[in-house]
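Novice: Here it is: the structure, laid out below.
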Amino acid sequence: MRKFLAIVVCKLGRFVGKLIGKGSSMPGKFALKICPDILARVQLPPHIIAVTGSNGKTSTVEMIAAILRADGKNVVYNEEGSNQIEGVTTLVLTHATLSGRVRADVLLIESDERYAAHSFKFFHPTEFVVTNLYRDQLTRNGHPEWVYDAILPAIHSETELILNADDPLSSCFANGHGKVRWFGLDKCAVSTGAPTGVYHDGAYCPLCHAPMEYDYVHYNHIGAYRCTKCGHAKPATDYTATAADLENGTLTIDGTVTIQLAFRSIYNVYNILAAYAACRECGTAPERIAGVINNYILKNGRMQKFTLGAHHGTLLTSKHENSIAYDTNLRYVASTKADCTVLIIVDAVSRKYFTSETSWLWDIDFDQLNCGHVKRILLSGRYCNDLAERFSFTSISPEVWSVQPDIAAAAAALREEGGEDLYVITCFSDRDKLLTLPDVKKEA
Amino acid sequence: MELKIIHFYPDLMSLYGSYANVSVLRRYLEGLGNAVSVETVAPGQEADLSQADFLFMGAGTERAQKAALADFARFGGAVKAAAEGGVTMLFAGTAMELLGRSITDAGGKVFDGIGLADFTSVQGRKRFVEDVYGKTDLYPEAVVGFMNKCTIIKGVDTPLLTSVAMGYGNEGPGGAEGFHRNSVFASQLTGPILVKNPRLLETVAAAIYRHRGETLPEERPVDRWAEDGYAITAEQLSLRCQSKK
Ligand SMILES: [Zn+2]
């Protein structure tokens with residue numbers, strides 16, 4: 001009876017919520033009040049895929065949904081991104097019959113790293129994808145090992161883990177776990193010999209703290225690691241990017257499947273690989289996956305094109321407090337050829353809470369912008385001085401970078417002068433402060 | 001002068017941009033006309049502390065901290081002797097805990113610190129996370145920073161921050177934070193606290209000079225970006241403190 005009531009209340013709440021434009025966690029919250037173990041009492045779909053990790057969750061989930069839907073599966077997922085237990089409850093119950101059967105083939109959940117254990121108390125994913133774990137939002141997460149410890153209790157022994165073989169930390173989830181499928185990237189055109197970046201979180205083994213060695217690296221400390229003491233090493237992969245050419249935008253998986261990259265970033269390669277692995281585990285054919293990804297444009301708009309005066313602009317959305325997101329975007333700018341200006345904006349460190357915390361700027365490898373075609377760098381926003389202090393410790397000539405606290409003034413100055421390519425690197429919390437300016441014309 | 005900085009475990013204890021404390025101090029000392037060398041020490045590597053002017057260790061994860069401690073124990077005697085002799089040092093984030101009597105991890109296991117000070121550290125399963133706005137008796141300006149720790153530290157008689165108006169101190173919300181005795185500085189404020197607090201940088205540099213029997217010159221380089229960044233953060237945090245009252 002409580003189950004029935006919880007489902008009805010949730011459905012009603014969702015209906016009303018949609019009418020008045022309220023978010024999706026409230027109905028689930030009510031349902032959980034009525035029946036705390038409601039998620040254990042409903043009949044869930046045969047596949048429950050959860051995706052977690054520091055970077056790439058949303059992109060990976062969106063790709064999985066698009067592929068599985070193209071494959072004729074009925075996929076339910078939290079498109080609004082409310083990925084704590086309340087949001088998951090709303091999602092599940094609104095798609096359930098009154099008797100509690102969820103009408104779907106696949107339940108797909110983007111799971112917040114910190115809340116995974118809580119969300120999966122009453123049911124567990126059949127497939128659990130962990131994209132990676134590294135420094136991200138220390139103001140919430142502390143550090144990657146802390147996040148690792150938070151996710152660990154969420155992993156049920158019957159769950160099949162789909163893990164990134166190239167990440168020395170999140171690969172540790174496989175220890176003592178039965179079912180594991182690995183995705184990873186072979187040595188290829190993008191590989192380097194040694195870890196890159198300002199800090200080196202892969203210098204020591206996460207298991208025994210002995211020094212680690214690397215055969216090759218794809219970015220930062222993501223690559224073929226090998227502990228010198230305990231044997232922790234990159235495992236053989238089940239789903240493998242056998243070739244990746246970012247310059248020409250091609251990716252080959254398992255030697256046979258070729259994918260054209262809409263966004264030529266190493267990031268994107270890993271997201272595609274994670275989605276590929278998850279969909280293959282759900283029985284989707286390789287060609288079907290490739291077909292969808294080739295025609296796929298990321299919905300969440302991490303790369304927005306626009307014009308500003310005579311400049312053709314590209315907004316590369318990073319996450320503040322996430323140095324690897326910045327590093328990969330800086331790497332992208334460095335890989336371009338034409339003369340360009342780069343505008344970096346740090347105005348509100350977070351859109352969710354106030355903080356003046358800027359230590360993450362010191363984890364970003366801004367030296368990547370020290371290349372001939374980056375003619376000019378503008379630093380803007382409330383924390384432009386902190387950015388400038390950071391830049392004063394790079395090898396980039398002080399002639400190249402300058403500071404303009406006011407974002408509108410920085411844009412106005414750009415409009416007045418020059419027509420070179422423009423790259424803007426900032427976060428969701430600050431991007432609209434530029435994109436909504438009258439001089440900025442967004443392109444589709 | 002020729003000055004020598006020893007940076008312990010730059011890879012292992014490297015969270016939150018800790019290394020920038022060394023970068024900014026080095027540049028400041030060089031700006032005063034000194035020749036500065038930085039020697040890094042990895043676990044297992046030999047180091048001679050007897051000629052050092054400044055010792056530094058940054059923040060690490062709780063597991064990295066135990067790995068650092070396992071190695072650092074062999075330097076315990078030398079570090080204490082250096083502190084007695086007036087050598088300047090800064091232990092940031094979880095590195096501060098190494099200076100105390102003991103560290104108890106979240107599972108209840110106890111590790112011996114080097115015992116330079118009498119405080120004890122107990123780690124838990126919850127993190128204390130907030131911006132920090134506090135006072136020190138070293139200079140009149142406010143200290144700004146950020147706290148992200150899972151440790152309660154008890155038994156500090158001589159804190160670095162005498163009180164915090166916002167954020168966490170050694171024993172929880174409010175109260176005193178960090179440790180300071182003679183030329184030994186320690187704080188759990190994360191990251192580049194010497195960048196974020198130009199006065200603290202000056203204070204540390206003055207301590208290094210004092211140990212060499214010198215005083216900081218009247219004419220000193222001004223780091224405009226650091227000063228302006230500090231001013232904005234201090235203003236923001238001060239406004240937040242007032243609105244909370
Ligand atoms: Zn190992």
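Residue names in the structure tokens use chain letters A, B, ... in the order shown, residue numbers from 1 in each chain, and ligand numbers from 1 in the order shown.
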Please identify all protein, DNA and RNA residues within 7 Å of ligand 1, counting only C-alpha atoms and all ligand atoms, and report them as a list in words.
Specialist: Cys205, Pro206, Leu207, Cys208, His209, Ala210, Cys227, Thr228, Lys229, Cys230, Gly231 and His232 of chain A
Novice: Find the residues around Asn83 (chain A) up to 7 Å (only C-alpha atoms counted), leave out those fewer than 3 positions away in its own chain, and share them as a list of chain:residue names.
Specialist: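 Surrounding residues, per the criterion: A:Asn78, A:Gly87, A:Val88, A:Glu110, A:Ser111, A:Asp112.
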Novice: Could you give me, as a tab-separated table, a per-residue list for chain A showing, wherever an atom lies at most 7 Å from an atom of chain B, the closest pair of atoms and their distance in Å to one decimal, using only C-alpha atoms and sorting by chain then residue number from low to high?
Specialist:
```
residue	atom	partner	partner_atom	distance
A:Thr139	CA	B:Val129	CA	6.4
A:Gly142	CA	B:Asn148	CA	6.2
A:His143	CA	B:Thr61	CA	6.8
A:Glu145	CA	B:Thr61	CA	7.0
A:Tyr199	CA	B:Asp11	CA	6.8
A:His200	CA	B:Asp11	CA	5.9
A:Ala203	CA	B:Asp11	CA	6.6
A:His209	CA	B:Ala67	CA	6.7
A:Thr355	CA	B:Asp131	CA	6.3
A:Ser356	CA	B:Thr233	CA	6.0
A:Glu357	CA	B:Phe146	CA	6.1
A:Ser359	CA	B:Tyr16	CA	5.5
A:Trp360	CA	B:Tyr16	CA	6.0
A:Trp362	CA	B:Gly17	CA	4.9
A:Asp363	CA	B:Gly17	CA	5.6
A:Tyr383	CA	B:Gly229	CA	6.9
A:Asn385	CA	B:Gly229	CA	4.9
A:Asp386	CA	B:Gly229	CA	5.4
A:Ala388	CA	B:Trp225	CA	6.2
A:Glu389	CA	B:Trp225	CA	5.2
```
Novice: Write out the residues from the selection above, keeping N, CA and C atoms, as a short mmCIF file (atom, residue, chain, number, x, y, z; two decimals), in the first residue's frame.
Specialist:
```cif
data_model
loop_
_atom_site.label_atom_id
_atom_site.label_comp_id
_atom_site.auth_asym_id
_atom_site.auth_seq_id
_atom_site.Cartn_x
_atom_site.Cartn_y
_atom_site.Cartn_z
N THR A 139 36.63 21.95 -3.26
CA THR A 139 35.74 22.59 -2.29
C THR A 139 34.60 21.65 -1.88
N GLY A 142 37.31 17.31 -1.68
CA GLY A 142 38.54 17.05 -0.94
C GLY A 142 39.68 16.65 -1.84
N HIS A 143 39.74 15.38 -2.21
CA HIS A 143 40.78 14.90 -3.11
C HIS A 143 40.33 13.57 -3.71
N GLU A 145 41.32 10.45 -3.72
CA GLU A 145 41.23 9.24 -2.90
C GLU A 145 40.01 9.26 -1.98
N TYR A 199 51.25 18.96 -11.71
CA TYR A 199 51.40 18.04 -10.57
C TYR A 199 51.35 16.62 -11.12
N HIS A 200 51.73 15.67 -10.32
CA HIS A 200 51.84 14.31 -10.81
C HIS A 200 51.17 13.35 -9.83
N ALA A 203 52.44 9.63 -9.71
CA ALA A 203 53.86 9.36 -9.44
C ALA A 203 54.04 8.14 -8.54
N HIS A 209 52.03 2.84 -2.71
CA HIS A 209 52.82 4.08 -2.66
C HIS A 209 54.27 3.94 -3.11
N THR A 355 32.71 30.88 -3.05
CA THR A 355 34.02 30.62 -2.48
C THR A 355 35.04 31.51 -3.16
N SER A 356 36.07 31.87 -2.42
CA SER A 356 37.18 32.63 -2.99
C SER A 356 38.37 31.71 -3.24
N GLU A 357 38.12 30.42 -3.20
CA GLU A 357 39.19 29.45 -3.30
C GLU A 357 39.75 29.38 -4.73
N SER A 359 43.11 28.01 -5.33
CA SER A 359 44.36 27.23 -5.37
C SER A 359 44.41 26.32 -6.60
N TRP A 360 43.26 25.95 -7.16
CA TRP A 360 43.20 25.07 -8.33
C TRP A 360 43.89 25.70 -9.55
N TRP A 362 46.71 26.85 -9.61
CA TRP A 362 48.11 26.43 -9.57
C TRP A 362 48.30 25.01 -10.09
N ASP A 363 47.19 24.28 -10.22
CA ASP A 363 47.25 22.92 -10.75
C ASP A 363 47.11 22.89 -12.27
N TYR A 383 38.42 37.22 -10.29
CA TYR A 383 39.68 36.62 -9.82
C TYR A 383 40.81 36.75 -10.86
N ASN A 385 43.19 38.84 -10.88
CA ASN A 385 44.50 39.05 -10.26
C ASN A 385 45.14 37.73 -9.87
N ASP A 386 44.31 36.82 -9.37
CA ASP A 386 44.82 35.49 -9.02
C ASP A 386 45.31 34.77 -10.27
N ALA A 388 46.42 36.34 -12.94
CA ALA A 388 47.64 37.04 -13.35
C ALA A 388 48.83 36.59 -12.51
N GLU A 389 48.61 36.43 -11.21
CA GLU A 389 49.68 35.95 -10.34
C GLU A 389 50.16 34.57 -10.82
#
```
Novice: What gap, in Å, lies between CA of Pro45 (chain A) and CA of Leu152 (chain A)?
Specialist: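 Between these atoms lies a distance of 23.6 Å.
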Novice: So that I can see what lies close to Thr203 (chain B), please list as a ChimeraX atom specification the residues with an atom at most 10 Å from it, counting only C-alpha atoms and leaving out residues fewer than 3 positions away in the same chain.
Specialist: /B:138-139,183,194,198-200,206-209,216
Novice: Find the residues near Val36 (chain B): any atom within 7 Å, counting only C-alpha atoms, skip ones fewer than 6 places away on the same chain, and give them as a ChimeraX atom specification.
Specialist: /B:2-4,26,30
Novice: Please extract the residues of region 188-296 of chain A with a backbone DSSP assignment of strand (DSSP E) and present them as a ChimeraX atom specification.
Specialist: /A:212-219,222-227,239-245,250-253,257-260
Novice: Under the rule that only C-alpha atoms are counted, which of A:Gly418, A:Pro398, A:Pro153, A:Pro438 is the nearest residue to His118 (chain A)?
Specialist: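 Nearest to His118 (chain A): A:Pro153.
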